[in-house]
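*Asks:* File target.txt below, compact mmCIF, C-alpha atoms:
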# COMPACT_ATOMS: atom_id res chain seq x y z
CA MET W 277 2.22 -12.23 -29.63
CA ASN W 278 2.28 -14.81 -26.85
CA GLU W 279 4.08 -14.35 -23.54
CA LYS W 280 7.04 -16.57 -24.46
CA ASP W 281 7.66 -14.65 -27.68
CA ARG W 282 7.60 -11.44 -25.67
CA GLN W 283 10.07 -12.84 -23.15
CA ILE W 284 12.50 -13.93 -25.88
CA ILE W 285 12.24 -10.51 -27.53
CA GLU W 286 12.95 -8.64 -24.30
CA VAL W 287 15.88 -10.93 -23.42
CA SER W 288 17.26 -10.48 -26.94
CA MET W 289 17.00 -6.70 -26.77
CA ARG W 290 18.96 -6.71 -23.52
CA LEU W 291 21.67 -9.00 -24.93
CA PHE W 292 21.91 -7.11 -28.23
CA ALA W 293 22.23 -3.82 -26.35
CA SER W 294 25.07 -5.08 -24.14
CA LYS W 295 26.94 -7.43 -26.53
CA GLY W 296 25.88 -6.38 -30.00
CA PHE W 297 23.68 -8.09 -32.57
CA SER W 298 26.38 -9.90 -34.53
CA THR W 299 28.21 -11.30 -31.47
CA THR W 300 25.12 -12.52 -29.59
CA SER W 301 24.39 -16.17 -30.41
CA ILE W 302 21.03 -17.88 -30.56
CA GLN W 303 22.30 -20.27 -27.89
CA GLU W 304 22.86 -17.32 -25.53
CA ILE W 305 19.38 -15.98 -26.23
CA ALA W 306 17.85 -19.40 -25.63
CA THR W 307 19.78 -19.93 -22.38
CA GLU W 308 18.83 -16.50 -21.01
CA SER W 309 15.21 -17.16 -22.01
CA GLY W 310 15.14 -20.49 -20.17
CA ILE W 311 14.58 -22.62 -23.28
CA SER W 312 16.64 -24.95 -25.47
CA LYS W 313 18.16 -23.82 -28.75
CA GLY W 314 15.75 -26.13 -30.57
CA ALA W 315 12.80 -24.55 -28.78
CA PHE W 316 13.96 -21.12 -29.93
CA TYR W 317 13.29 -22.12 -33.53
CA LEU W 318 9.71 -22.95 -32.64
CA HIS W 319 9.25 -19.22 -32.01
CA PHE W 320 11.59 -17.58 -34.56
CA LYS W 321 13.09 -19.01 -37.73
CA SER W 322 16.37 -17.08 -37.44
CA LYS W 323 18.04 -14.15 -35.75
CA ASP W 324 16.89 -11.91 -38.61
CA ASP W 325 13.32 -13.11 -38.04
CA LEU W 326 13.75 -12.28 -34.35
CA LEU W 327 14.98 -8.80 -35.22
CA LEU W 328 11.89 -8.24 -37.39
CA ALA W 329 9.73 -9.20 -34.40
CA ILE W 330 11.71 -6.77 -32.22
CA LEU W 331 11.08 -3.92 -34.67
CA GLN W 332 7.38 -4.72 -34.74
CA TYR W 333 7.40 -4.86 -30.94
CA HIS W 334 8.95 -1.38 -30.82
CA PHE W 335 6.29 0.04 -33.13
CA GLU W 336 3.57 -1.55 -30.97
CA MET W 337 5.08 0.00 -27.83
CA ILE W 338 5.20 3.43 -29.45
CA GLU W 339 1.56 3.19 -30.56
CA GLN W 340 0.55 2.10 -27.08
CA ALA W 341 2.51 4.94 -25.50
CA PHE W 342 0.77 7.42 -27.83
CA SER W 343 -2.67 6.16 -26.85
CA GLU W 344 -1.86 6.27 -23.13
CA VAL W 345 -0.82 9.94 -23.05
CA ILE W 346 -3.76 11.33 -25.01
CA THR W 347 -6.89 12.63 -23.30
CA SER W 348 -10.03 14.07 -24.85
CA SER W 349 -9.54 17.35 -23.00
CA GLN W 350 -6.19 18.11 -24.64
CA SER W 351 -5.86 20.62 -27.44
CA PRO W 352 -4.17 19.45 -30.69
CA ARG W 353 -1.01 21.28 -29.62
CA GLU W 354 -1.00 19.56 -26.21
CA LYS W 355 -1.60 16.18 -27.87
CA PHE W 356 1.35 16.72 -30.17
CA ILE W 357 3.65 17.62 -27.27
CA SER W 358 2.47 14.62 -25.22
CA GLN W 359 3.01 12.21 -28.11
CA GLN W 360 6.45 13.58 -28.95
CA MET W 361 7.51 13.32 -25.31
CA ALA W 362 6.27 9.71 -25.28
CA LEU W 363 8.30 9.01 -28.43
CA TYR W 364 11.46 10.55 -26.98
CA SER W 365 10.91 8.69 -23.71
CA HIS W 366 10.68 5.41 -25.63
CA PHE W 367 13.96 6.14 -27.38
CA LEU W 368 15.64 7.02 -24.10
CA THR W 369 14.40 3.82 -22.46
CA HIS W 370 15.83 1.71 -25.28
CA ARG W 371 18.80 3.94 -26.02
CA ASP W 372 21.53 1.24 -25.83
CA PHE W 373 19.67 -1.11 -28.15
CA LEU W 374 18.94 1.64 -30.70
CA ILE W 375 22.54 2.86 -30.62
CA MET W 376 23.65 -0.72 -31.31
CA LEU W 377 21.37 -0.87 -34.37
CA THR W 378 22.83 2.41 -35.61
CA LYS W 379 26.47 1.43 -35.09
CA GLU W 380 26.26 -2.12 -36.39
CA GLN W 381 23.78 -1.36 -39.18
CA ALA W 382 22.18 -4.57 -37.97
CA ILE W 383 18.81 -4.23 -39.68
CA PRO W 384 18.78 -6.75 -42.57
CA ARG W 385 17.47 -5.36 -45.83
CA ASN W 386 15.15 -8.22 -46.71
CA GLU W 387 11.84 -7.51 -48.41
CA THR W 388 9.69 -7.97 -45.32
CA ILE W 389 11.66 -5.54 -43.18
CA LYS W 390 12.05 -3.09 -46.06
CA HIS W 391 8.30 -2.92 -46.57
CA LEU W 392 7.61 -2.78 -42.86
CA LEU W 393 9.85 0.28 -42.51
CA LEU W 394 8.41 1.88 -45.65
CA GLY W 395 4.89 1.38 -44.35
CA LYS W 396 5.76 2.85 -40.96
CA GLN W 397 7.44 5.80 -42.63
CA MET W 398 4.28 6.52 -44.61
CA ASP W 399 2.22 6.18 -41.44
CA SER W 400 4.55 8.69 -39.78
CA HIS W 401 4.10 11.19 -42.63
CA GLN W 402 0.33 10.93 -42.34
CA HIS W 403 0.42 11.24 -38.54
CA TYR W 404 2.49 14.44 -38.56
CA ARG W 405 0.55 15.92 -41.45
CA GLN W 406 -2.75 15.43 -39.60
CA SER W 407 -1.21 16.89 -36.42
CA ILE W 408 -0.15 19.98 -38.38
CA ILE W 409 -3.66 20.48 -39.79
CA ASP W 410 -5.21 19.96 -36.35
CA ILE W 411 -2.86 22.48 -34.72
CA TYR W 412 -2.85 25.22 -37.35
CA GLY W 413 -6.28 24.81 -38.91
CA PRO W 414 -7.60 23.90 -42.39
CA ASP W 415 -5.98 26.92 -44.10
CA ILE W 416 -2.57 25.25 -43.68
CA GLU W 417 -3.65 22.15 -45.66
CA PRO W 418 -2.05 23.21 -49.00
CA TYR W 419 1.30 23.57 -47.20
CA SER W 420 0.85 20.57 -44.89
CA TRP W 421 3.17 18.22 -46.78
CA ASP W 422 5.99 20.77 -46.91
CA ILE W 423 5.69 21.44 -43.18
CA THR W 424 5.52 17.70 -42.49
CA ILE W 425 8.85 17.08 -44.21
CA ILE W 426 10.47 20.04 -42.43
CA LEU W 427 9.05 19.01 -39.05
CA GLU W 428 10.12 15.38 -39.42
CA GLY W 429 13.59 16.52 -40.41
CA MET W 430 13.90 18.49 -37.16
CA ILE W 431 12.50 15.63 -35.10
CA LYS W 432 14.87 13.03 -36.59
CA SER W 433 17.88 15.31 -36.16
CA TYR W 434 17.11 15.94 -32.51
CA MET W 435 16.44 12.23 -32.08
CA GLY W 436 20.06 11.64 -33.04
CA VAL W 437 21.17 14.22 -30.48
CA LEU W 438 18.94 12.51 -27.93
CA LEU W 439 20.50 9.08 -28.42
CA PHE W 440 24.02 10.32 -27.84
CA SER W 441 23.32 12.98 -25.20
CA SER W 442 23.57 12.95 -21.42
CA PRO W 443 20.75 11.23 -19.49
CA ASP W 444 19.30 14.56 -18.28
CA PHE W 445 18.09 15.49 -21.79
CA ASN W 446 14.98 17.67 -21.33
CA ILE W 447 12.50 16.08 -23.72
CA LYS W 448 9.72 18.59 -23.01
CA GLN W 449 12.03 21.51 -23.68
CA VAL W 450 13.19 20.16 -27.03
CA THR W 451 9.63 19.26 -28.06
CA GLU W 452 8.35 22.75 -27.32
CA PHE W 453 11.42 24.25 -29.04
CA ILE W 454 10.72 22.28 -32.24
CA LEU W 455 7.05 23.27 -32.18
CA LYS W 456 7.93 26.95 -31.75
CA ARG W 457 10.27 26.74 -34.76
CA THR W 458 7.38 25.20 -36.69
CA ASP W 459 5.22 28.16 -35.59
CA SER W 460 7.74 30.50 -37.21
CA ILE W 461 7.72 28.50 -40.44
CA VAL W 462 3.93 28.48 -40.58
CA LYS W 463 3.80 32.23 -39.98
CA ASP W 464 5.85 32.98 -43.10
CA ILE W 465 4.99 30.06 -45.37
CA TYR W 466 1.95 31.77 -46.92
CA GLU W 467 4.34 34.11 -48.75
CA ASP W 468 5.34 31.21 -51.05
CA SER W 469 3.51 28.65 -53.15
CA PRO W 470 3.49 25.07 -51.84
CA PHE W 471 6.34 22.94 -53.14
CA LEU W 472 4.90 19.52 -52.23
CA THR W 473 1.36 19.64 -53.56
CA ASN W 474 -1.08 16.77 -52.95
CA ASP W 475 -0.73 15.72 -56.61
CA LYS W 476 3.06 15.60 -56.35
CA VAL W 477 2.94 13.57 -53.14
CA GLU W 478 0.46 11.10 -54.65
CA GLU W 479 2.78 10.74 -57.64
CA ILE W 480 5.74 10.01 -55.34
CA ILE W 481 3.76 7.48 -53.28
CA HIS W 482 2.50 5.76 -56.41
CA PHE W 483 6.06 5.53 -57.74
CA PHE W 484 7.30 3.83 -54.58
CA LEU W 485 4.35 1.44 -54.42
CA SER W 486 4.43 0.47 -58.07
CA SER W 487 8.22 0.15 -58.42
CA ASP W 488 8.83 -1.74 -55.19
CA GLN W 489 5.68 -3.75 -54.65
CA PRO W 490 5.94 -7.44 -53.74
CA SER W 491 3.71 -9.90 -55.57
CA LEU W 492 0.35 -10.71 -54.03
CA SER W 493 1.40 -14.34 -53.55
CA ASN W 494 4.44 -13.25 -51.52
CA VAL W 495 2.29 -10.90 -49.45
CA LEU W 496 -0.11 -13.74 -48.65
CA LYS W 497 2.76 -16.11 -47.83
CA ASN W 498 4.32 -13.61 -45.41
CA LEU W 499 0.92 -12.76 -43.93
CA GLU W 500 0.21 -16.45 -43.24
CA GLU W 501 3.60 -16.84 -41.53
CA GLU W 502 2.92 -13.81 -39.35
CA ILE W 503 -0.53 -15.12 -38.40
CA ASP W 504 1.01 -18.51 -37.53
CA LYS W 505 3.28 -16.71 -35.05
CA ILE W 506 0.32 -15.05 -33.37
CA GLY W 507 -1.33 -18.45 -33.09
CA GLU W 508 -5.00 -17.45 -32.89
CA ASP W 509 -7.46 -19.76 -34.66
CA GLU W 510 -9.87 -16.96 -35.60
CA LEU W 511 -7.11 -15.17 -37.52
CA LEU W 512 -6.23 -18.38 -39.38
CA VAL W 513 -9.87 -18.85 -40.40
CA THR W 514 -10.05 -15.22 -41.55
CA PHE W 515 -6.88 -15.68 -43.58
CA GLN W 516 -8.23 -18.78 -45.33
CA VAL W 517 -11.47 -16.97 -46.27
CA LEU W 518 -9.44 -13.97 -47.50
CA LYS W 519 -7.10 -16.17 -49.54
CA GLU W 520 -9.98 -18.06 -51.16
CA GLU W 521 -11.66 -14.78 -52.09
CA LEU W 522 -8.46 -13.35 -53.56
CA GLU W 523 -7.98 -16.47 -55.70
CA LYS W 524 -11.38 -16.03 -57.35
CA GLU W 525 -11.59 -14.73 -60.91
CA LYS W 526 -13.57 -11.71 -59.68
CA PRO W 527 -12.78 -11.08 -55.99
CA ARG W 528 -15.45 -9.12 -54.12
CA ALA W 529 -14.05 -5.93 -52.61
CA PRO W 530 -16.53 -5.81 -49.66
CA VAL W 531 -15.54 -9.34 -48.63
CA ILE W 532 -11.84 -8.49 -48.88
CA GLN W 533 -12.25 -5.34 -46.79
CA GLY W 534 -14.38 -7.22 -44.27
CA MET W 535 -11.72 -9.89 -43.79
CA LEU W 536 -8.95 -7.31 -43.56
CA SER W 537 -10.87 -5.46 -40.85
CA ASN W 538 -10.65 -8.62 -38.71
CA PHE W 539 -6.88 -8.05 -38.54
CA SER W 540 -7.36 -4.74 -36.73
CA GLY W 541 -5.71 -4.65 -33.34
CA TYR W 542 -2.69 -6.65 -34.52
CA PRO W 543 -0.01 -4.09 -35.46
CA SER W 544 2.27 -6.76 -36.96
CA LEU W 545 -0.41 -7.37 -39.63
CA ASP W 546 -0.94 -3.70 -40.56
CA HIS W 547 1.71 -3.77 -43.27
CA TYR W 548 0.07 -6.69 -45.08
CA LYS W 549 -3.40 -5.16 -44.71
CA ASN W 550 -2.14 -1.98 -46.37
CA LEU W 551 -0.45 -3.84 -49.23
CA ILE W 552 -3.56 -5.89 -50.03
CA SER W 553 -5.82 -2.81 -49.81
CA GLU W 554 -3.47 -0.86 -52.06
CA TYR W 555 -3.31 -3.72 -54.55
CA TYR W 556 -7.09 -3.79 -54.96
CA SER W 557 -7.49 -0.02 -54.98
CA ARG W 558 -5.39 -0.01 -58.15
CA LYS W 559 -7.39 -2.73 -59.92
Please lay out the structure from this file as structure tokens.
*Replies:*
Amino acid sequence: MNEKDRQIIEVSMRLFASKGFSTTSIQEIATESGISKGAFYLHFKSKDDLLLAILQYHFEMIEQAFSEVITSSQSPREKFISQQMALYSHFLTHRDFLIMLTKEQAIPRNETIKHLLLGKQMDSHQHYRQSIIDIYGPDIEPYSWDITIILEGMIKSYMGVLLFSSPDFNIKQVTEFILKRTDSIVKDIYEDSPFLTNDKVEEIIHFFLSSDQPSLSNVLKNLEEEIDKIGEDELLVTFQVLKEELEKEKPRAPVIQGMLSNFSGYPSLDHYKNLISEYYSRK
């Protein structure tokens, strides 16, 4: 993302938070960003395209915040608390914008955004599941998916409280409270058999991927558009090599994985990397 894209995104977030998504015009965004309306379309095709970039920007900020609060000397429990506090802090910082999204239901349900959110949701499941195993040890692994769903339910519910609470919301207190409730669940969970086994989760994931998977041609089209926005020649060259390999009668998996690895470090490309990897893991 170049500096001008970032400026437009930050201006847009401020305008959307104060005026609402539907009532903020592209002309207003352009004027506040110091560019013409025509120049706006050189950066974003539409307001929906801009909103997609804003969502990706939010995910990038959260990932960066996570990496900044983690130190090698922290225990898994301390890492979890630090990351959750960073997440809550992010939501508090952008409270007005996020409330606007909730009230206006402004997120368009196009395929690109739908798959972006689905991919991030799956990443979230894996993140919390690994945190649970790190905190409670390998014996908890058979129950890790059940605890993940319960934990995420608590986190999302308190996130809603956070958005509509007073500014003095104690994020450390609520994070520790949620983790202590998880301690209680873990203590007693061994009395039951796991409900969400690994096989059942894999079946659910496969159902979502197979029933709602975009075609490879659409994935490549959207990936190329996203790379064009980034505007780095090396990524364009990598994409062309990847596309040529994928169009072969017998694509070579090592070449595909090698090209996909060149997209690392660009969070807006993660979704497309995952879709292409998943597509070839099923072949």
*Asks:* Considering all atoms listed in the file, can you say which of W:Asn446, W:Thr307, W:Asp324, W:Ser348 comes closest to W:Leu368?
*Replies:*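 Under the stated criterion, the closest residue is W:Asn446.
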*Asks:* With all atoms listed in the file as the atoms that count, which of W:Met277, W:Leu394, W:Met376, W:Ile416 lies nearest to W:Ser294?
*Replies:*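 Among the listed residues, the smallest separation from W:Ser294 belongs to W:Met376.
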*Asks:* Ranking W:Asp422, W:Ser537, W:Gln350, W:Phe335 by minimum distance to W:Lys476 and counting all atoms listed in the file, which one comes first?
*Replies:* W:Asp422
*Asks:* Give me, please, the distance in Å between atom CA of W:Leu511 and atom CA of W:Ser400, quoted to one decimal.
*Replies:*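 Taking atom CA of W:Leu511 as the start and atom CA of W:Ser400 as the end point, the length is 26.7 Å.
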*Asks:* When distances are computed from all atoms listed in the file, which of W:Lys323, W:Lys379, W:Lys448, W:Lys396 shows the smallest separation from W:Tyr364?
*Replies:*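 The answer is W:Lys448, which sits nearest to W:Tyr364.
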*Asks:* How many Å lie between atom CA of W:Asp415 and atom CA of W:Phe471, rounded to one decimal?
*Replies:*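 Here the two named atoms are 15.8 Å from each other.
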*Asks:* Just the number, please: distance in Å from atom CA of W:Phe292 to atom CA of W:Leu327, one decimal.
*Replies:* 10.0 Å
*Asks:* Report, as AutoDock Vina command-line options, the axis-aligned box around all atoms of stretch 516-531 of chain W present in the file, extended by 4 Å on each side; give centre and edge lengths in Å to one decimal place.
*Replies:*
--center_x -11.8 --center_y -12.3 --center_z -53.1 --size_x 17.4 --size_y 21.0 --size_z 23.6
*Asks:* From the options W:Phe367, W:Tyr542, W:Tyr333, W:Phe356, which residue's atoms come nearest to W:Lys432, counting all atoms listed in the file?
*Replies:*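 Smallest distance to W:Lys432 is found for W:Phe367.
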*Asks:* If we count only C-alpha atoms and set the cut-off at 9 Å, which residues sit around W:Leu472, ignoring sequence neighbours fewer than 4 positions away in its own chain? Please answer as a ChimeraX atom specification.
*Replies:* /W:418-422,476-477
*Asks:* Between W:Glu428, W:Glu478, W:Glu354, W:Asp444, which one has atoms that come closest to W:Thr458, using all atoms listed in the file?
*Replies:*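 Among the listed residues, W:Glu428 lies closest to W:Thr458.
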*Asks:* List the neighbours of stretch 522-528 of chain W out to 10 Å using all atoms listed in the file; skip same-chain residues closer than 4 positions along the sequence, and give me the result as a ChimeraX atom specification.
*Replies:* /W:492-493,496,516-518,532-533,552,556
*Asks:* Excluding W:Arg405 and residues on its chain fewer than 4 positions from it, collect all residues at most 9 Å away from it, counting only C-alpha atoms, and give them as a list in words.
*Replies:* Ser400, His401, Ile409, Asp410, Glu417, Ser420, Trp421, Ile423, Thr424 and Ile425 of chain W
*Asks:* Excluding W:Ile330 and any residue of its chain fewer than 6 positions from it, enumerate the residues within 10 Å of it, using only C-alpha atoms, and give them as a tab-separated table (two decimals) with C-alpha atoms, keeping the file's coordinate frame.
*Replies:*
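Result written to out.tsv:
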chain	number	residue	atom	x	y	z
W	281	ASP	CA	7.66	-14.65	-27.68
W	282	ARG	CA	7.60	-11.44	-25.67
W	284	ILE	CA	12.50	-13.93	-25.88
W	285	ILE	CA	12.24	-10.51	-27.53
W	286	GLU	CA	12.95	-8.64	-24.30
W	288	SER	CA	17.26	-10.48	-26.94
W	289	MET	CA	17.00	-6.70	-26.77
W	324	ASP	CA	16.89	-11.91	-38.61
W	336	GLU	CA	3.57	-1.55	-30.97
*Asks:* Kindly reconstruct stretch 345-368 of chain W with N, CA, C and O atoms and present the result as an mmCIF file, in the frame of the given file.
*Replies:*
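Generated file (out.cif):
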data_model
loop_
_atom_site.group_PDB
_atom_site.id
_atom_site.type_symbol
_atom_site.label_atom_id
_atom_site.label_comp_id
_atom_site.auth_asym_id
_atom_site.auth_seq_id
_atom_site.Cartn_x
_atom_site.Cartn_y
_atom_site.Cartn_z
ATOM 1 N N VAL W 345 -1.061 8.561 -23.481
ATOM 2 C CA VAL W 345 -0.820 9.940 -23.050
ATOM 3 C C VAL W 345 -1.863 10.920 -23.558
ATOM 4 O O VAL W 345 -1.845 12.092 -23.192
ATOM 5 N N ILE W 346 -2.769 10.437 -24.415
ATOM 6 C CA ILE W 346 -3.760 11.330 -25.010
ATOM 7 C C ILE W 346 -5.050 11.311 -24.204
ATOM 8 O O ILE W 346 -5.555 10.261 -23.820
ATOM 9 N N THR W 347 -5.580 12.499 -23.942
ATOM 10 C CA THR W 347 -6.890 12.630 -23.300
ATOM 11 C C THR W 347 -7.779 13.504 -24.166
ATOM 12 O O THR W 347 -7.294 14.328 -24.952
ATOM 13 N N SER W 348 -9.072 13.328 -24.015
ATOM 14 C CA SER W 348 -10.030 14.070 -24.850
ATOM 15 C C SER W 348 -10.018 15.561 -24.547
ATOM 16 O O SER W 348 -10.455 16.370 -25.370
ATOM 17 N N SER W 349 -9.528 15.945 -23.384
ATOM 18 C CA SER W 349 -9.540 17.350 -23.000
ATOM 19 C C SER W 349 -8.346 18.133 -23.549
ATOM 20 O O SER W 349 -8.305 19.352 -23.459
ATOM 21 N N GLN W 350 -7.385 17.432 -24.141
ATOM 22 C CA GLN W 350 -6.190 18.110 -24.640
ATOM 23 C C GLN W 350 -6.460 18.805 -25.969
ATOM 24 O O GLN W 350 -7.212 18.308 -26.808
ATOM 25 N N SER W 351 -5.818 19.945 -26.152
ATOM 26 C CA SER W 351 -5.860 20.620 -27.440
ATOM 27 C C SER W 351 -4.938 19.884 -28.407
ATOM 28 O O SER W 351 -4.086 19.094 -27.980
ATOM 29 N N PRO W 352 -5.078 20.108 -29.728
ATOM 30 C CA PRO W 352 -4.170 19.450 -30.690
ATOM 31 C C PRO W 352 -2.703 19.733 -30.384
ATOM 32 O O PRO W 352 -1.855 18.850 -30.545
ATOM 33 N N ARG W 353 -2.396 20.937 -29.947
ATOM 34 C CA ARG W 353 -1.010 21.280 -29.620
ATOM 35 C C ARG W 353 -0.521 20.465 -28.413
ATOM 36 O O ARG W 353 0.596 19.930 -28.410
ATOM 37 N N GLU W 354 -1.365 20.343 -27.397
ATOM 38 C CA GLU W 354 -1.000 19.560 -26.210
ATOM 39 C C GLU W 354 -0.851 18.084 -26.559
ATOM 40 O O GLU W 354 0.041 17.398 -26.033
ATOM 41 N N LYS W 355 -1.713 17.574 -27.443
ATOM 42 C CA LYS W 355 -1.600 16.180 -27.870
ATOM 43 C C LYS W 355 -0.277 15.936 -28.579
ATOM 44 O O LYS W 355 0.392 14.913 -28.352
ATOM 45 N N PHE W 356 0.097 16.865 -29.443
ATOM 46 C CA PHE W 356 1.350 16.720 -30.170
ATOM 47 C C PHE W 356 2.530 16.674 -29.194
ATOM 48 O O PHE W 356 3.411 15.814 -29.304
ATOM 49 N N ILE W 357 2.556 17.574 -28.246
ATOM 50 C CA ILE W 357 3.650 17.620 -27.270
ATOM 51 C C ILE W 357 3.684 16.327 -26.453
ATOM 52 O O ILE W 357 4.759 15.741 -26.236
ATOM 53 N N SER W 358 2.527 15.857 -26.017
ATOM 54 C CA SER W 358 2.470 14.620 -25.220
ATOM 55 C C SER W 358 2.983 13.432 -26.017
ATOM 56 O O SER W 358 3.737 12.598 -25.503
ATOM 57 N N GLN W 359 2.582 13.345 -27.287
ATOM 58 C CA GLN W 359 3.010 12.210 -28.110
ATOM 59 C C GLN W 359 4.505 12.274 -28.407
ATOM 60 O O GLN W 359 5.191 11.240 -28.379
ATOM 61 N N GLN W 360 5.021 13.474 -28.671
ATOM 62 C CA GLN W 360 6.450 13.580 -28.950
ATOM 63 C C GLN W 360 7.279 13.243 -27.701
ATOM 64 O O GLN W 360 8.318 12.591 -27.798
ATOM 65 N N MET W 361 6.803 13.663 -26.545
ATOM 66 C CA MET W 361 7.510 13.320 -25.310
ATOM 67 C C MET W 361 7.476 11.813 -25.072
ATOM 68 O O MET W 361 8.469 11.223 -24.617
ATOM 69 N N ALA W 362 6.359 11.162 -25.412
ATOM 70 C CA ALA W 362 6.270 9.710 -25.280
ATOM 71 C C ALA W 362 7.245 9.023 -26.235
ATOM 72 O O ALA W 362 7.885 8.024 -25.880
ATOM 73 N N LEU W 363 7.364 9.569 -27.447
ATOM 74 C CA LEU W 363 8.300 9.010 -28.430
ATOM 75 C C LEU W 363 9.736 9.140 -27.944
ATOM 76 O O LEU W 363 10.509 8.173 -27.977
ATOM 77 N N TYR W 364 10.102 10.335 -27.490
ATOM 78 C CA TYR W 364 11.460 10.550 -26.980
ATOM 79 C C TYR W 364 11.732 9.681 -25.759
ATOM 80 O O TYR W 364 12.834 9.135 -25.601
ATOM 81 N N SER W 365 10.740 9.529 -24.897
ATOM 82 C CA SER W 365 10.910 8.690 -23.710
ATOM 83 C C SER W 365 11.172 7.238 -24.107
ATOM 84 O O SER W 365 12.006 6.547 -23.500
ATOM 85 N N HIS W 366 10.471 6.771 -25.137
ATOM 86 C CA HIS W 366 10.680 5.410 -25.630
ATOM 87 C C HIS W 366 12.123 5.251 -26.121
ATOM 88 O O HIS W 366 12.779 4.239 -25.822
ATOM 89 N N PHE W 367 12.592 6.219 -26.867
ATOM 90 C CA PHE W 367 13.960 6.140 -27.380
ATOM 91 C C PHE W 367 14.979 6.172 -26.255
ATOM 92 O O PHE W 367 15.989 5.471 -26.302
ATOM 93 N N LEU W 368 14.726 6.976 -25.231
ATOM 94 C CA LEU W 368 15.640 7.020 -24.100
ATOM 95 C C LEU W 368 15.657 5.687 -23.350
ATOM 96 O O LEU W 368 16.721 5.209 -22.934
#
